[in-house]
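Structure data (PDB, C-alpha atoms, pLDDT in the B column) from coords01.pdb:
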ATOM      1  CA  MET U 607     -38.111  44.633-101.459  1.00 46.00           C
ATOM      2  CA  VAL U 608     -37.444  44.217 -97.752  1.00 40.00           C
ATOM      3  CA  ARG U 609     -34.663  41.858 -96.825  1.00 42.00           C
ATOM      4  CA  LYS U 610     -34.983  39.890 -93.646  1.00 41.00           C
ATOM      5  CA  GLN U 611     -31.926  39.989 -91.456  1.00 41.00           C
ATOM      6  CA  LYS U 612     -30.600  36.564 -90.612  1.00 44.00           C
ATOM      7  CA  ILE U 613     -30.155  35.803 -86.959  1.00 39.00           C
ATOM      8  CA  ASN U 614     -26.851  34.260 -86.014  1.00 48.00           C
ATOM      9  CA  PRO U 615     -27.653  30.860 -84.427  1.00 48.00           C
ATOM     10  CA  MET U 616     -24.834  31.345 -81.900  1.00 53.00           C
ATOM     11  CA  ASN U 617     -26.318  34.673 -80.729  1.00 53.00           C
ATOM     12  CA  ARG U 618     -29.749  33.035 -80.433  1.00 54.00           C
ATOM     13  CA  ASN U 619     -28.312  30.196 -78.343  1.00 58.00           C
ATOM     14  CA  ILE U 620     -26.387  32.613 -76.120  1.00 55.00           C
ATOM     15  CA  THR U 621     -29.555  34.640 -75.528  1.00 53.00           C
ATOM     16  CA  ARG U 622     -31.490  31.488 -74.613  1.00 54.00           C
ATOM     17  CA  LEU U 623     -28.760  30.305 -72.262  1.00 55.00           C
ATOM     18  CA  LEU U 624     -28.570  33.688 -70.548  1.00 56.00           C
ATOM     19  CA  SER U 625     -32.353  33.866 -70.170  1.00 53.00           C
ATOM     20  CA  ALA U 626     -32.526  30.416 -68.597  1.00 49.00           C
ATOM     21  CA  PHE U 627     -29.528  31.110 -66.362  1.00 51.00           C
ATOM     22  CA  PHE U 628     -30.933  34.409 -65.070  1.00 50.00           C
ATOM     23  CA  VAL U 629     -34.349  32.857 -64.385  1.00 45.00           C
ATOM     24  CA  LEU U 630     -32.656  30.242 -62.208  1.00 45.00           C
ATOM     25  CA  ILE U 631     -30.445  32.763 -60.462  1.00 47.00           C
ATOM     26  CA  VAL U 632     -33.375  35.046 -59.576  1.00 43.00           C
ATOM     27  CA  PHE U 633     -34.565  32.378 -57.167  1.00 41.00           C
ATOM     28  CA  GLY U 634     -31.038  31.738 -55.879  1.00 43.00           C
ATOM     29  CA  SER U 635     -30.299  35.424 -55.368  1.00 42.00           C
ATOM     30  CA  THR U 636     -33.582  36.094 -53.598  1.00 37.00           C
ATOM     31  CA  TRP U 637     -33.042  33.096 -51.309  1.00 35.00           C
ATOM     32  CA  GLU U 638     -29.337  33.582 -50.634  1.00 44.00           C
ATOM     33  CA  ALA U 639     -29.222  37.369 -50.285  1.00 43.00           C
ATOM     34  CA  CYS U 640     -29.878  38.427 -46.701  1.00 45.00           C
ATOM     35  CA  LYS U 641     -29.692  34.860 -45.362  1.00 48.00           C
ATOM     36  CA  GLN U 642     -28.177  35.407 -41.935  1.00 47.00           C
ATOM     37  CA  PRO U 643     -27.791  33.791 -38.513  1.00 47.00           C
ATOM     38  CA  PHE U 644     -30.543  34.792 -36.120  1.00 42.00           C
ATOM     39  CA  GLY U 645     -29.712  37.760 -33.915  1.00 44.00           C
ATOM     40  CA  LYS U 646     -26.618  38.859 -35.876  1.00 44.00           C
ATOM     41  CA  PRO U 647     -27.180  42.494 -36.884  1.00 41.00           C
ATOM     42  CA  HIS U 648     -25.238  43.673 -39.925  1.00 42.00           C
ATOM     43  CA  LEU U 649     -25.352  46.062 -42.841  1.00 43.00           C
ATOM     44  CA  GLY U 650     -28.312  44.590 -44.696  1.00 41.00           C
ATOM     45  CA  CYS U 651     -31.626  42.926 -43.974  1.00 40.00           C
ATOM     46  CA  GLY U 652     -32.661  44.539 -40.719  1.00 35.00           C
ATOM     47  CA  GLY U 653     -29.254  45.303 -39.214  1.00 40.00           C
ATOM     48  CA  PRO U 654     -27.895  48.738 -38.247  1.00 40.00           C
ATOM     49  CA  MET U 655     -28.683  50.001 -41.775  1.00 48.00           C
ATOM     50  CA  VAL U 656     -32.305  48.790 -41.708  1.00 52.00           C
ATOM     51  CA  GLY U 657     -34.260  50.477 -44.479  1.00 57.00           C
ATOM     52  CA  ASN U 658     -31.051  51.288 -46.332  1.00 63.00           C
ATOM     53  CA  GLU U 659     -29.861  47.887 -47.523  1.00 82.00           C
ATOM     54  CA  PRO U 660     -28.039  47.686 -50.866  1.00 88.00           C
ATOM     55  CA  THR U 661     -30.271  46.816 -53.800  1.00 91.00           C
ATOM     56  CA  SER U 662     -27.673  47.261 -56.550  1.00 95.00           C
ATOM     57  CA  VAL U 663     -24.073  46.463 -57.370  1.00 97.00           C
ATOM     58  CA  MET U 664     -22.137  48.736 -59.712  1.00 98.00           C
ATOM     59  CA  LEU U 665     -18.794  47.776 -61.267  1.00 98.00           C
ATOM     60  CA  ILE U 666     -16.637  50.489 -62.849  1.00 98.00           C
ATOM     61  CA  PHE U 667     -13.747  49.186 -64.987  1.00 98.00           C
ATOM     62  CA  SER U 668     -11.064  51.725 -65.977  1.00 98.00           C
ATOM     63  CA  ASN U 669      -8.211  50.704 -68.264  1.00 98.00           C
ATOM     64  CA  VAL U 670      -4.992  51.837 -66.558  1.00 98.00           C
ATOM     65  CA  ASN U 671      -3.278  52.400 -69.917  1.00 97.00           C
ATOM     66  CA  ASN U 672      -6.163  53.946 -71.846  1.00 96.00           C
ATOM     67  CA  THR U 673      -8.253  56.641 -70.154  1.00 95.00           C
ATOM     68  CA  THR U 674     -10.976  56.395 -72.814  1.00 96.00           C
ATOM     69  CA  ASP U 675     -11.577  52.704 -72.055  1.00 97.00           C
ATOM     70  CA  VAL U 676     -14.057  52.858 -69.170  1.00 98.00           C
ATOM     71  CA  ASP U 677     -17.094  50.610 -68.835  1.00 98.00           C
ATOM     72  CA  THR U 678     -19.750  50.285 -66.141  1.00 98.00           C
ATOM     73  CA  ALA U 679     -22.161  47.515 -65.195  1.00 98.00           C
ATOM     74  CA  MET U 680     -25.089  47.816 -62.795  1.00 97.00           C
ATOM     75  CA  TRP U 681     -27.184  44.927 -61.481  1.00 96.00           C
ATOM     76  CA  THR U 682     -30.240  45.411 -59.256  1.00 95.00           C
ATOM     77  CA  ASN U 683     -32.383  43.148 -57.103  1.00 89.00           C
ATOM     78  CA  GLU U 684     -35.267  45.198 -55.758  1.00 81.00           C
ATOM     79  CA  ARG U 685     -37.463  42.962 -53.626  1.00 79.00           C
ATOM     80  CA  GLY U 686     -36.871  40.027 -55.951  1.00 82.00           C
ATOM     81  CA  ASN U 687     -37.282  42.040 -59.170  1.00 88.00           C
ATOM     82  CA  ILE U 688     -34.034  41.518 -61.076  1.00 92.00           C
ATOM     83  CA  VAL U 689     -32.956  44.340 -63.396  1.00 93.00           C
ATOM     84  CA  SER U 690     -30.040  43.201 -65.575  1.00 93.00           C
ATOM     85  CA  SER U 691     -30.389  45.450 -68.651  1.00 94.00           C
ATOM     86  CA  LYS U 692     -27.211  47.318 -67.646  1.00 96.00           C
ATOM     87  CA  ALA U 693     -25.400  44.331 -66.176  1.00 96.00           C
ATOM     88  CA  HIS U 694     -22.803  43.844 -68.898  1.00 96.00           C
ATOM     89  CA  LEU U 695     -19.237  44.951 -69.687  1.00 95.00           C
ATOM     90  CA  THR U 696     -16.946  44.832 -72.695  1.00 97.00           C
ATOM     91  CA  LEU U 697     -13.247  44.710 -71.832  1.00 98.00           C
ATOM     92  CA  SER U 698     -10.201  44.921 -74.068  1.00 98.00           C
ATOM     93  CA  ALA U 699      -8.068  41.811 -74.368  1.00 97.00           C
ATOM     94  CA  ASN U 700      -4.523  41.891 -72.929  1.00 97.00           C
ATOM     95  CA  SER U 701      -5.334  44.852 -70.699  1.00 98.00           C
ATOM     96  CA  SER U 702      -5.124  45.948 -67.071  1.00 98.00           C
ATOM     97  CA  TYR U 703      -8.083  47.530 -65.290  1.00 98.00           C
ATOM     98  CA  ARG U 704      -8.598  49.269 -61.981  1.00 98.00           C
ATOM     99  CA  VAL U 705     -12.062  48.359 -60.710  1.00 98.00           C
ATOM    100  CA  ARG U 706     -14.351  50.079 -58.221  1.00 98.00           C
ATOM    101  CA  VAL U 707     -17.200  48.113 -56.645  1.00 98.00           C
ATOM    102  CA  MET U 708     -20.122  50.186 -55.365  1.00 97.00           C
ATOM    103  CA  PHE U 709     -23.185  49.096 -53.391  1.00 96.00           C
ATOM    104  CA  LEU U 710     -26.239  51.294 -53.884  1.00 95.00           C
ATOM    105  CA  ASN U 711     -29.754  51.601 -52.533  1.00 93.00           C
ATOM    106  CA  ILE U 712     -31.893  52.796 -55.437  1.00 91.00           C
ATOM    107  CA  ASN U 713     -34.860  53.287 -53.102  1.00 88.00           C
ATOM    108  CA  ALA U 714     -33.072  56.337 -51.663  1.00 89.00           C
ATOM    109  CA  LEU U 715     -32.703  59.667 -53.439  1.00 91.00           C
ATOM    110  CA  PRO U 716     -29.457  59.780 -55.481  1.00 90.00           C
ATOM    111  CA  ALA U 717     -28.383  62.966 -53.715  1.00 90.00           C
ATOM    112  CA  SER U 718     -28.993  61.545 -50.243  1.00 90.00           C
ATOM    113  CA  SER U 719     -26.459  59.882 -47.973  1.00 85.00           C
ATOM    114  CA  GLY U 720     -28.502  56.687 -48.073  1.00 89.00           C
ATOM    115  CA  TYR U 721     -28.068  56.122 -51.807  1.00 93.00           C
ATOM    116  CA  ASP U 722     -24.424  55.010 -51.749  1.00 94.00           C
ATOM    117  CA  VAL U 723     -24.031  52.260 -49.149  1.00 93.00           C
ATOM    118  CA  THR U 724     -20.366  51.671 -50.080  1.00 95.00           C
ATOM    119  CA  PRO U 725     -18.940  53.887 -47.290  1.00 93.00           C
ATOM    120  CA  SER U 726     -20.786  51.766 -44.713  1.00 91.00           C
ATOM    121  CA  VAL U 727     -19.252  48.598 -46.170  1.00 93.00           C
ATOM    122  CA  GLN U 728     -15.849  50.259 -46.077  1.00 94.00           C
ATOM    123  CA  LYS U 729     -16.325  51.445 -42.485  1.00 93.00           C
ATOM    124  CA  GLU U 730     -17.287  47.929 -41.382  1.00 92.00           C
ATOM    125  CA  GLY U 731     -14.677  46.374 -43.680  1.00 94.00           C
ATOM    126  CA  SER U 732     -13.428  43.941 -41.039  1.00 94.00           C
ATOM    127  CA  SER U 733     -16.793  42.175 -41.424  1.00 92.00           C
ATOM    128  CA  TYR U 734     -17.008  42.198 -45.231  1.00 94.00           C
ATOM    129  CA  LEU U 735     -15.353  40.619 -48.246  1.00 96.00           C
ATOM    130  CA  VAL U 736     -16.176  41.121 -51.940  1.00 97.00           C
ATOM    131  CA  CYS U 737     -15.743  37.953 -54.001  1.00 97.00           C
ATOM    132  CA  PHE U 738     -15.819  37.376 -57.761  1.00 97.00           C
ATOM    133  CA  VAL U 739     -16.883  33.994 -59.145  1.00 95.00           C
ATOM    134  CA  ASP U 740     -16.919  32.621 -62.707  1.00 92.00           C
ATOM    135  CA  SER U 741     -20.510  31.434 -63.062  1.00 87.00           C
ATOM    136  CA  LEU U 742     -21.117  30.487 -66.703  1.00 92.00           C
ATOM    137  CA  ASN U 743     -18.986  30.409 -69.872  1.00 95.00           C
ATOM    138  CA  LEU U 744     -21.007  31.077 -73.043  1.00 94.00           C
ATOM    139  CA  TYR U 745     -17.913  30.957 -75.242  1.00 94.00           C
ATOM    140  CA  GLY U 746     -14.269  31.072 -74.342  1.00 96.00           C
ATOM    141  CA  ASN U 747     -12.980  30.564 -70.807  1.00 96.00           C
ATOM    142  CA  LEU U 748     -13.325  33.419 -68.338  1.00 96.00           C
ATOM    143  CA  ALA U 749     -11.197  31.772 -65.655  1.00 95.00           C
ATOM    144  CA  ALA U 750      -8.298  31.477 -68.104  1.00 96.00           C
ATOM    145  CA  ASN U 751      -8.657  35.044 -69.407  1.00 97.00           C
ATOM    146  CA  LEU U 752      -9.555  37.141 -66.370  1.00 97.00           C
ATOM    147  CA  ASN U 753      -7.434  37.389 -63.234  1.00 97.00           C
ATOM    148  CA  TRP U 754      -7.964  39.757 -60.350  1.00 97.00           C
ATOM    149  CA  ALA U 755      -6.597  40.880 -57.001  1.00 98.00           C
ATOM    150  CA  ARG U 756      -8.072  43.017 -54.221  1.00 98.00           C
ATOM    151  CA  GLN U 757      -6.228  46.289 -53.590  1.00 98.00           C
ATOM    152  CA  ASP U 758      -7.875  47.755 -50.471  1.00 98.00           C
ATOM    153  CA  MET U 759      -7.608  46.696 -46.837  1.00 97.00           C
ATOM    154  CA  ASP U 760      -9.911  46.825 -43.823  1.00 96.00           C
ATOM    155  CA  ASN U 761      -9.126  48.689 -40.586  1.00 93.00           C
ATOM    156  CA  SER U 762      -8.681  45.675 -38.309  1.00 93.00           C
ATOM    157  CA  PRO U 763      -5.522  45.268 -36.188  1.00 93.00           C
ATOM    158  CA  SER U 764      -4.323  42.684 -38.715  1.00 94.00           C
ATOM    159  CA  PRO U 765      -5.663  44.216 -41.946  1.00 97.00           C
ATOM    160  CA  MET U 766      -7.204  41.958 -44.586  1.00 97.00           C
ATOM    161  CA  PRO U 767      -8.531  42.790 -48.061  1.00 98.00           C
ATOM    162  CA  VAL U 768     -12.098  44.041 -48.625  1.00 98.00           C
ATOM    163  CA  GLY U 769     -12.456  44.153 -52.412  1.00 98.00           C
ATOM    164  CA  LEU U 770     -14.059  47.542 -53.043  1.00 98.00           C
ATOM    165  CA  ILE U 771     -10.964  48.437 -55.108  1.00 98.00           C
ATOM    166  CA  ASP U 772      -9.483  45.742 -57.337  1.00 98.00           C
ATOM    167  CA  SER U 773      -7.091  45.108 -60.197  1.00 98.00           C
ATOM    168  CA  PHE U 774      -8.222  42.959 -63.146  1.00 98.00           C
ATOM    169  CA  TRP U 775      -6.129  41.602 -66.024  1.00 98.00           C
ATOM    170  CA  THR U 776      -7.594  40.221 -69.240  1.00 98.00           C
ATOM    171  CA  GLY U 777      -6.120  37.541 -71.474  1.00 97.00           C
ATOM    172  CA  ALA U 778      -5.807  37.374 -75.251  1.00 96.00           C
ATOM    173  CA  ASP U 779      -8.868  35.279 -76.144  1.00 96.00           C
ATOM    174  CA  SER U 780     -12.439  36.291 -76.976  1.00 96.00           C
ATOM    175  CA  VAL U 781     -14.774  35.495 -74.088  1.00 97.00           C
ATOM    176  CA  CYS U 782     -18.452  35.853 -73.255  1.00 97.00           C
ATOM    177  CA  ALA U 783     -19.283  34.726 -69.738  1.00 96.00           C
ATOM    178  CA  VAL U 784     -21.239  35.513 -66.590  1.00 96.00           C
ATOM    179  CA  MET U 785     -19.391  36.647 -63.465  1.00 97.00           C
ATOM    180  CA  ALA U 786     -20.922  36.836 -60.006  1.00 96.00           C
ATOM    181  CA  THR U 787     -19.958  39.623 -57.603  1.00 97.00           C
ATOM    182  CA  LYS U 788     -20.841  38.749 -54.014  1.00 95.00           C
ATOM    183  CA  LEU U 789     -20.751  40.784 -50.815  1.00 94.00           C
ATOM    184  CA  HIS U 790     -19.965  38.313 -48.030  1.00 93.00           C
ATOM    185  CA  HIS U 791     -20.814  39.293 -44.472  1.00 90.00           C
ATOM    186  CA  GLN U 792     -18.188  37.725 -42.203  1.00 91.00           C
ATOM    187  CA  TYR U 793     -18.697  39.216 -38.754  1.00 89.00           C
ATOM    188  CA  LYS U 794     -15.997  37.760 -36.454  1.00 90.00           C
ATOM    189  CA  VAL U 795     -15.251  34.946 -38.940  1.00 93.00           C
ATOM    190  CA  LYS U 796     -13.327  36.829 -41.650  1.00 95.00           C
ATOM    191  CA  ASN U 797     -10.102  35.058 -42.577  1.00 95.00           C
ATOM    192  CA  GLY U 798      -9.410  36.284 -46.134  1.00 94.00           C
ATOM    193  CA  ASP U 799     -11.363  33.442 -47.752  1.00 96.00           C
ATOM    194  CA  CYS U 800     -14.824  33.644 -49.313  1.00 95.00           C
ATOM    195  CA  ALA U 801     -16.227  30.578 -47.534  1.00 92.00           C
ATOM    196  CA  PRO U 802     -17.125  31.931 -44.048  1.00 91.00           C
ATOM    197  CA  GLY U 803     -20.264  33.929 -43.346  1.00 89.00           C
ATOM    198  CA  TYR U 804     -23.185  34.542 -45.658  1.00 87.00           C
ATOM    199  CA  ILE U 805     -24.126  36.778 -48.580  1.00 90.00           C
ATOM    200  CA  ASP U 806     -25.820  40.167 -48.309  1.00 89.00           C
ATOM    201  CA  ILE U 807     -26.171  40.668 -52.068  1.00 91.00           C
ATOM    202  CA  GLN U 808     -24.838  39.095 -55.239  1.00 92.00           C
ATOM    203  CA  ALA U 809     -24.837  40.468 -58.778  1.00 94.00           C
ATOM    204  CA  LEU U 810     -24.512  38.679 -62.106  1.00 95.00           C
ATOM    205  CA  ASP U 811     -22.843  40.527 -64.964  1.00 96.00           C
ATOM    206  CA  THR U 812     -22.160  39.401 -68.525  1.00 96.00           C
ATOM    207  CA  ILE U 813     -18.466  39.944 -69.313  1.00 97.00           C
ATOM    208  CA  TYR U 814     -17.209  40.250 -72.888  1.00 97.00           C
ATOM    209  CA  ILE U 815     -13.472  40.234 -73.560  1.00 97.00           C
ATOM    210  CA  SER U 816     -12.738  41.528 -77.055  1.00 97.00           C
ATOM    211  CA  PRO U 817      -9.392  41.522 -78.890  1.00 95.00           C
ATOM    212  CA  THR U 818     -10.820  44.204 -81.228  1.00 92.00           C
ATOM    213  CA  LYS U 819     -12.380  46.664 -78.768  1.00 87.00           C
ATOM    214  CA  GLY U 820     -11.490  50.241 -79.617  1.00 65.00           C
TER     215      GLY U 820
END

Encoded form (structure tokens):
Amino acid sequence: MVRKQKINPMNRNITRLLSAFFVLIVFGSTWEACKQPFGKPHLGCGGPMVGNEPTSVMLIFSNVNNTTDVDTAMWTNERGNIVSSKAHLTLSANSSYRVRVMFLNINALPASSGYDVTPSVQKEGSSYLVCFVDSLNLYGNLAANLNWARQDMDNSPSPMPVGLIDSFWTGADSVCAVMATKLHHQYKVKNGDCAPGYIDIQALDTIYISPTKG
């Protein structure tokens, strides 16, 4: 006799919510990414790195107190085709993480210099800012259980943060939520805030905070 596995209604609802949310955001990401003032060359979308624009955002979370607790998320938008199968992370509750943000061009060979676009963002850091935004709570409250701070600085005369290296701290509660990671291009308007400029690429990752991980 074969027993049918019961589907948890909460998991079904979460899946439906995520599916609907990602369908909506596909249009938003495709429209917003690479939206730029006319005649302003920059890293992506026909600027100095034409043909080598970032298609993917990779987040690498490393627990500073537990070297075995490392998780990676990768989100890709290749010409409007969203690949989110790897865009999820499970973090331990009440923990501190050092986070690396990488921008990749999956159309280039992995061994080539054009694959990892992060050094170009770092080099032009005075024109860029990485921002993290709580986009959708599925259960729990991400804003109340995930805090972060940028740890790297650009090379301008009055250095300001970039956000390629960050510190994250998790709270005690269980959370499942969507977080947006956005690369803001802020040529000559950077002031440390996310508002100025426009977005080269944004990624959406599902974040789980678990009190029982490990």

Any chance you could resolve the PyMOL selection byres ((chain U and resi 809) around 10) against this file and give the residues as a list in words? Ile631, Ser635, Thr661, Ser662, Val663, Met664, Leu665, Ala679, Met680, Trp681, Thr682, Asn683, Ile688, Ser690, Ala693, Phe738, Val784, Met785, Ala786, Thr787, Lys788, Leu789, Ile807, Gln808, Leu810 and Asp811 of chain U

Between atom CA of Thr812 of chain U and atom CA of Thr696 of chain U lies a distance of 8.6 Å

Write out as a PDB file with C-alpha atoms, in the frame of the given file which residues come within 10 Å of Val768 of chain U when counting all atoms listed in the file, dropping same-chain ones fewer than 2 positions away.
ATOM      1  CA  VAL U 727     -19.252  48.598 -46.170  1.00 93.00           C
ATOM      2  CA  GLN U 728     -15.849  50.259 -46.077  1.00 94.00           C
ATOM      3  CA  GLU U 730     -17.287  47.929 -41.382  1.00 92.00           C
ATOM      4  CA  GLY U 731     -14.677  46.374 -43.680  1.00 94.00           C
ATOM      5  CA  SER U 732     -13.428  43.941 -41.039  1.00 94.00           C
ATOM      6  CA  SER U 733     -16.793  42.175 -41.424  1.00 92.00           C
ATOM      7  CA  TYR U 734     -17.008  42.198 -45.231  1.00 94.00           C
ATOM      8  CA  LEU U 735     -15.353  40.619 -48.246  1.00 96.00           C
ATOM      9  CA  VAL U 736     -16.176  41.121 -51.940  1.00 97.00           C
ATOM     10  CA  CYS U 737     -15.743  37.953 -54.001  1.00 97.00           C
ATOM     11  CA  ARG U 756      -8.072  43.017 -54.221  1.00 98.00           C
ATOM     12  CA  GLN U 757      -6.228  46.289 -53.590  1.00 98.00           C
ATOM     13  CA  ASP U 758      -7.875  47.755 -50.471  1.00 98.00           C
ATOM     14  CA  MET U 759      -7.608  46.696 -46.837  1.00 97.00           C
ATOM     15  CA  ASP U 760      -9.911  46.825 -43.823  1.00 96.00           C
ATOM     16  CA  ASN U 761      -9.126  48.689 -40.586  1.00 93.00           C
ATOM     17  CA  PRO U 765      -5.663  44.216 -41.946  1.00 97.00           C
ATOM     18  CA  MET U 766      -7.204  41.958 -44.586  1.00 97.00           C
ATOM     19  CA  LEU U 770     -14.059  47.542 -53.043  1.00 98.00           C
ATOM     20  CA  ILE U 771     -10.964  48.437 -55.108  1.00 98.00           C
ATOM     21  CA  ASP U 772      -9.483  45.742 -57.337  1.00 98.00           C
ATOM     22  CA  LEU U 789     -20.751  40.784 -50.815  1.00 94.00           C
ATOM     23  CA  HIS U 790     -19.965  38.313 -48.030  1.00 93.00           C
ATOM     24  CA  GLY U 798      -9.410  36.284 -46.134  1.00 94.00           C
TER      25      GLY U 798
END

Taking into account all atoms listed in the file, which residue in the set U:Gly746, U:Thr818, U:Ile805, U:Ile813 is nearest to Lys692 of chain U? U:Ile813

Counting only C-alpha atoms, figure out which residue out of U:Arg704, U:Cys782, U:Glu659, U:Tyr745 gets nearest to Thr678 of chain U. U:Arg704

Given the point (-5.1, 29.3, -69.4) in the coordinates of this file, which residues lie within 12 Å, counting all atoms listed in the file, and how would they look as a ChimeraX atom specification? /U:746-753,776-779

Would you put the residues from that selection into a file with C-alpha atoms, as a PDB file, in the coordinates of the input?
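Output below, filename result.pdb:
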ATOM      1  CA  GLY U 746     -14.269  31.072 -74.342  1.00 96.00           C
ATOM      2  CA  ASN U 747     -12.980  30.564 -70.807  1.00 96.00           C
ATOM      3  CA  LEU U 748     -13.325  33.419 -68.338  1.00 96.00           C
ATOM      4  CA  ALA U 749     -11.197  31.772 -65.655  1.00 95.00           C
ATOM      5  CA  ALA U 750      -8.298  31.477 -68.104  1.00 96.00           C
ATOM      6  CA  ASN U 751      -8.657  35.044 -69.407  1.00 97.00           C
ATOM      7  CA  LEU U 752      -9.555  37.141 -66.370  1.00 97.00           C
ATOM      8  CA  ASN U 753      -7.434  37.389 -63.234  1.00 97.00           C
ATOM      9  CA  THR U 776      -7.594  40.221 -69.240  1.00 98.00           C
ATOM     10  CA  GLY U 777      -6.120  37.541 -71.474  1.00 97.00           C
ATOM     11  CA  ALA U 778      -5.807  37.374 -75.251  1.00 96.00           C
ATOM     12  CA  ASP U 779      -8.868  35.279 -76.144  1.00 96.00           C
TER      13      ASP U 779
END

Would you work out the distance separating atom CA of Val781 of chain U from atom CA of Leu742 of chain U, expressed in Å to one decimal?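 Separating atom CA of Val781 of chain U from atom CA of Leu742 of chain U is a distance of 10.9 Å.
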
Top pick for closest residue to Val739 of chain U, considering U:Ser764, U:Ser668, U:Ser702, U:Ala783 and counting only C-alpha atoms: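 Nearest candidate to Val739 of chain U out of U:Ser764, U:Ser668, U:Ser702, U:Ala783: U:Ala783.
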
Atomic distance atom CA of Asn669 of chain U - atom CA of Val707 of chain U, expressed in Å with one decimal: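 Atom CA of Val707 of chain U lies 14.9 Å from atom CA of Asn669 of chain U.
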
Using all atoms listed in the file, can you list as a PyMOL selection string the residues within 12 Å of (-15.9, 46.2, -78.3)? chain U and resi 675-677+694-699+780-782+813-820

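Nearest to Val670 of chain U of all the residues U:Phe774, U:Gly769, U:Pro802, U:Asp722 is U:Phe774, based on only C-alpha atoms.
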
Decode the PyMOL selection byres ((chain U and resi 714) around 12) for the given file into explicit residues and return them as an NGL selection string. :U and (657-662 or 710-713 or 715-723)
